[in-house]
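Peer 1: Attaching a single structure in structure tokens format; questions to follow.
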Amino acid sequence: MVQMTDVTKIYDSSSTVALDGIDLTINEGEFVFLVGPSGSGKTTLMKLITGEVRATAGEIVVNDFDMVKIKRRKLPKVRRTLGVIFQDYRLIENMTVYDNVAFAMRVVGAKGKNIAKRVPYVLELVGLEGREKRFPNELSGGEQQRVAIARALVNNPRMIVADEPTGNLDPVRSLELMLLFEKINEMGTTILVVTHEKELVNAFSKRVITIDDGHVVSDDGDGYYSYELE
Amino acid sequence: MSLSKGAYLIREGFRSIKTHSFMSFASVTIITACLIIMGSITLLSLNIDALIADLEQQNEVVAFVDESIVDPSAAAALQPSLLGVENVLSADFVSRTDAMDSFMSKYDDRLMEGIDESVFRHRFVIHLVDISQMADTKTQLEAIPGIVKVNAHIEYANRFVRVRNIVSVVSLILTVILFFVSFFIMSNTIKLTTYGRREEIAIMKMVGATNGFIRTPFVIEGLILGLLGGLFGFLAVWGIYTVLNSSLLDTLTGSFISLVPFRTVRLPLLLSYLGVGILIGVFGGVNAIRNYLKV
């Protein structure tokens with residue numbers, strides 16, 4: 001769950017107002033698309049959720065953690081409730097598919113037997129069974145993104161935050177990926193997808209939040225990409 | 001920390017050394033090189049110190065006995081009073097007869113024509129514990145009843161003390177500078193390794209790793225590299241010193257110069273090498289990843 005109240009973010013270095021008075025609620029179990037042109041504040045909004053940056057003003061609660069007052073050393077606790085996915089997959093090149101996913105569990109101190117049980121299950125869920133021993137450079141873009149999704153899912157997060165996850169994929173693979181997100185969402189995980197892909201957004205009947213110039217300009221529950229980016 | 005987590009982190013440290021073998025090799029080489037230079041300066045300073053100490057011992061103080069005490073055994077009886085002075089290491093009695101014999105053995109007999117031993121006084125040849133206290137000791141010796149005069153080369157003693165102090169300070173400064181240079185180079189070498197792994201660190205942060213968890217493999221890596229660097233540095237210095245010592249013995253036999261035996265400094269040197277190696281390795285590692293942990 002994400003609750004933002006009158007959130008403003010001004011970057012100290014450039015005095016740029018990235019977000020200005022954002023009010024936003026994403027409830028448990030929702031599937032939300034976050035759209036908006038480049039420089040609109042989407043990435044800043046994501047970084048506020050993951051705790052990479054701090055808000056200049058306002059209140060933010062993510063999965064019951066107060067992101068304004070939280071101490072830096074407590075951030076790992078918040079991040080363990082989130083699964084983050086990036087456009088460029090961010091896999092570790094010298095680790096196999098299995099290790100890339102298992103790594104996320106080791107990092108949070110999971111026991112070996114739990115890792116051995118959970119990783120194959122998640123890899124099967126994202127359709128990567130049989131690819132465990134491959135290295136990232138031996139996989140297609142779609143497969144690499146599935147590894148990233150498996151890694152995000154493996155610690156059973158309450159929410160998945162995906163930043164342009166289909167940016168490097170062709171339309172068919174993008175659609176497959178969105179169907180995978182929908183499947184994960186049906187299992188109870190909240191999904192927040194930042195995307196530019198109008199067709200893709202319109203193909204799913206989900207909530208669409210549009211931001212521009214640091215403001216929420218529309219919050220549409222019927223899944224229509226109403227805002228013209230170009 | 002659970003056993004499996006600890007084992008995983010240690011394994012990660014070793015894996016990192018193996019994966020980044022060239023950088024690991026570079027780090028060990030740098031630590032080794034710096035420690036060789038550092039150790040050479042320390043050993044040089046140690047030898048200069050020993051040499052000066054040796055020369056200091058040759059800088060004798062001579063205390064002359066009152067001429068009215070003619071009987072040698074009566075004069076020699078002053079020895080306990082002299083040894084009672086705090087800074088006196090030894091006080092060897094030399095009778096006037098022995099003093100004349102010694103004088104005559106050094107100079108032409110003709111010089112002594114018409115002169116007998118009564119010209120010479122009974123005396124004590126004194127060695128001091130600390131020559132920097134020579135002036136005070138001289139005063140104390142002169143105050144002993146039966147001692148009429150004390151010859152002491154205070155200005156030489158002060159010069160020795162000054163040289164010794166300069167050598168100590170210079171070697172300390174050089175050692176400290178080299179320590180920081182090693183630390184800086186080591187830190188930068190590990191920084192190069194971590195630069196290639198900043199993605200990995202960023203991913204670890206994103207999936208909820210604590211700073212301690214991320215740091216531990218780097219600390220273990222730095223610890224191992226530091227230990228290896230310390231060990232190789234020690235072995236290299238040992239080898240160089242042994243070769244130098246034997247070649248010096250071959251060429252300067254009978255000379256007043258001799259090196260401090262390596263066995264006397266072996267253990268403290270090994271321990272300080274390992275200690276400095278670990279210190280540079282661990283803090284270099286921690287310092288190198290500090291920036292990546294701020295996310």
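Every chain in the structure tokens has a letter given in the order shown (A, B, ...), and although residue numbers restart at 1 in each chain, ligands are simply numbered from 1 in the order shown.
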Determine which residues of region 9-103 of chain A DSSP labels as helix (DSSP H, G or I) from the backbone of this structure, then write them out as a PyMOL selection string.

Peer 2: chain A and resi 42-50+72-79+97-103

Peer 1: I need the residues from that last selection saved to file as a compact mmCIF listing (two decimals), in the first residue's frame (with C-alpha atoms), if you can.

Peer 2:
```txt
# COMPACT_ATOMS: atom_id res chain seq x y z
CA LYS A 42 7.56 9.34 -12.68
CA THR A 43 11.05 8.19 -11.75
CA THR A 44 11.17 10.52 -8.75
CA LEU A 45 7.85 9.11 -7.59
CA MET A 46 9.24 5.59 -7.86
CA LYS A 47 12.41 6.57 -6.02
CA LEU A 48 10.32 8.03 -3.21
CA ILE A 49 8.53 4.71 -2.89
CA THR A 50 11.77 2.69 -2.82
CA ARG A 72 18.45 5.08 6.62
CA ARG A 73 19.42 1.84 8.32
CA LYS A 74 15.76 0.77 8.37
CA LEU A 75 15.36 1.15 4.59
CA PRO A 76 16.29 -2.51 3.88
CA LYS A 77 13.15 -3.50 5.82
CA VAL A 78 10.95 -1.46 3.47
CA ARG A 79 12.74 -2.76 0.40
CA VAL A 97 19.74 -17.47 -13.74
CA TYR A 98 19.33 -19.55 -10.59
CA ASP A 99 21.96 -17.56 -8.67
CA ASN A 100 20.58 -14.21 -9.81
CA VAL A 101 17.27 -15.15 -8.22
CA ALA A 102 18.70 -16.99 -5.21
CA PHE A 103 20.99 -14.02 -4.55
```

Peer 1: Select residues of chain A: the criterion is any atom within 6 Å of an atom of chain B, counting only C-alpha atoms; output as a PyMOL selection string.

Peer 2: chain A and resi 52+76+79-80+104+107-108

Peer 1: Those residues with N, CA and C atoms, as an mmCIF file, in the first residue's frame please?

Peer 2:
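The file below, out_2.cif, is the result:
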```cif
data_model
loop_
_atom_site.group_PDB
_atom_site.id
_atom_site.type_symbol
_atom_site.label_atom_id
_atom_site.label_comp_id
_atom_site.auth_asym_id
_atom_site.auth_seq_id
_atom_site.Cartn_x
_atom_site.Cartn_y
_atom_site.Cartn_z
ATOM 1 N N GLU A 52 14.956 5.677 -2.349
ATOM 2 C CA GLU A 52 16.231 6.137 -2.929
ATOM 3 C C GLU A 52 16.408 7.635 -2.729
ATOM 4 N N PRO A 76 16.360 -1.120 4.377
ATOM 5 C CA PRO A 76 16.291 -2.505 3.878
ATOM 6 C C PRO A 76 14.980 -3.209 4.244
ATOM 7 N N ARG A 79 12.435 -2.197 1.726
ATOM 8 C CA ARG A 79 12.735 -2.758 0.397
ATOM 9 C C ARG A 79 12.441 -4.257 0.325
ATOM 10 N N ARG A 80 12.464 -4.908 1.475
ATOM 11 C CA ARG A 80 12.149 -6.337 1.474
ATOM 12 C C ARG A 80 10.656 -6.585 1.246
ATOM 13 N N ALA A 104 18.884 -12.786 -4.291
ATOM 14 C CA ALA A 104 17.951 -11.885 -3.597
ATOM 15 C C ALA A 104 17.484 -12.485 -2.278
ATOM 16 N N VAL A 107 20.568 -12.438 0.241
ATOM 17 C CA VAL A 107 20.782 -11.081 0.740
ATOM 18 C C VAL A 107 19.920 -10.790 1.975
ATOM 19 N N VAL A 108 18.722 -11.371 2.004
ATOM 20 C CA VAL A 108 17.846 -11.109 3.147
ATOM 21 C C VAL A 108 17.982 -12.193 4.219
#
```

Peer 1: So how far away is CA of Asp101 (chain B) from CA of Phe124 (chain B), in Å?

Peer 2: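 Atom-to-atom, CA of Phe124 (chain B) and CA of Asp101 (chain B) are spaced 15.4 Å apart.
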
Peer 1: If you count only C-alpha atoms, which residues fall within 12 Å of Leu125 (chain A), apart from same-chain ones fewer than 4 positions away, as a ChimeraX atom specification?

Peer 2: /A:118-121,129,146-147,149-151,153-154,180-181,183-184,187

Peer 1: List every residue of region 28-82 of chain A that DSSP, applied to the backbone of this structure, places in strand (DSSP E), and write the result as an MDAnalysis selection string.

Peer 2: chainID A and resid 31:35 57:62 65:66 82

Peer 1: Quick one: residues within 6 Å of region 162-172 of chain A, only C-alpha atoms counted, chain neighbours fewer than 4 positions away excluded, as a PyMOL selection string?

Peer 2: chain A and resi 84-87+193-195

Peer 1: Can you write out the residues you just picked, keeping N, CA and C atoms, as an mmCIF file, in the first residue's frame?

Peer 2:
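For reference, out13.cif as written:
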```cif
data_model
loop_
_atom_site.group_PDB
_atom_site.id
_atom_site.type_symbol
_atom_site.label_atom_id
_atom_site.label_comp_id
_atom_site.auth_asym_id
_atom_site.auth_seq_id
_atom_site.Cartn_x
_atom_site.Cartn_y
_atom_site.Cartn_z
ATOM 1 N N VAL A 84 11.529 -4.659 -7.054
ATOM 2 C CA VAL A 84 11.761 -3.582 -8.026
ATOM 3 C C VAL A 84 12.276 -4.168 -9.343
ATOM 4 N N ILE A 85 11.681 -3.697 -10.446
ATOM 5 C CA ILE A 85 12.088 -4.173 -11.784
ATOM 6 C C ILE A 85 12.454 -2.966 -12.643
ATOM 7 N N PHE A 86 13.570 -3.093 -13.374
ATOM 8 C CA PHE A 86 14.053 -1.975 -14.190
ATOM 9 C C PHE A 86 13.973 -2.303 -15.675
ATOM 10 N N GLN A 87 14.021 -1.248 -16.473
ATOM 11 C CA GLN A 87 13.977 -1.411 -17.929
ATOM 12 C C GLN A 87 15.158 -2.256 -18.425
ATOM 13 N N VAL A 193 3.213 -0.243 -12.459
ATOM 14 C CA VAL A 193 4.039 -0.294 -13.661
ATOM 15 C C VAL A 193 4.155 1.102 -14.263
ATOM 16 N N VAL A 194 5.384 1.570 -14.413
ATOM 17 C CA VAL A 194 5.623 2.843 -15.093
ATOM 18 C C VAL A 194 5.869 2.513 -16.552
ATOM 19 N N THR A 195 5.107 3.114 -17.439
ATOM 20 C CA THR A 195 5.289 2.783 -18.862
ATOM 21 C C THR A 195 4.917 3.937 -19.786
#
```

Peer 1: B:Ser16, B:Gln133, B:Gln79, B:Thr32: which is nearest Asp92 (chain B), counting only C-alpha atoms?

Peer 2: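 Checking each candidate against Asp92 (chain B), we get B:Gln79 as the closest.
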
Peer 1: Work out how far apart CA of Ile173 (chain B) and CA of Ala33 (chain B) are and give it in Å to one decimal.

Peer 2: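 It comes out at 17.9 Å.
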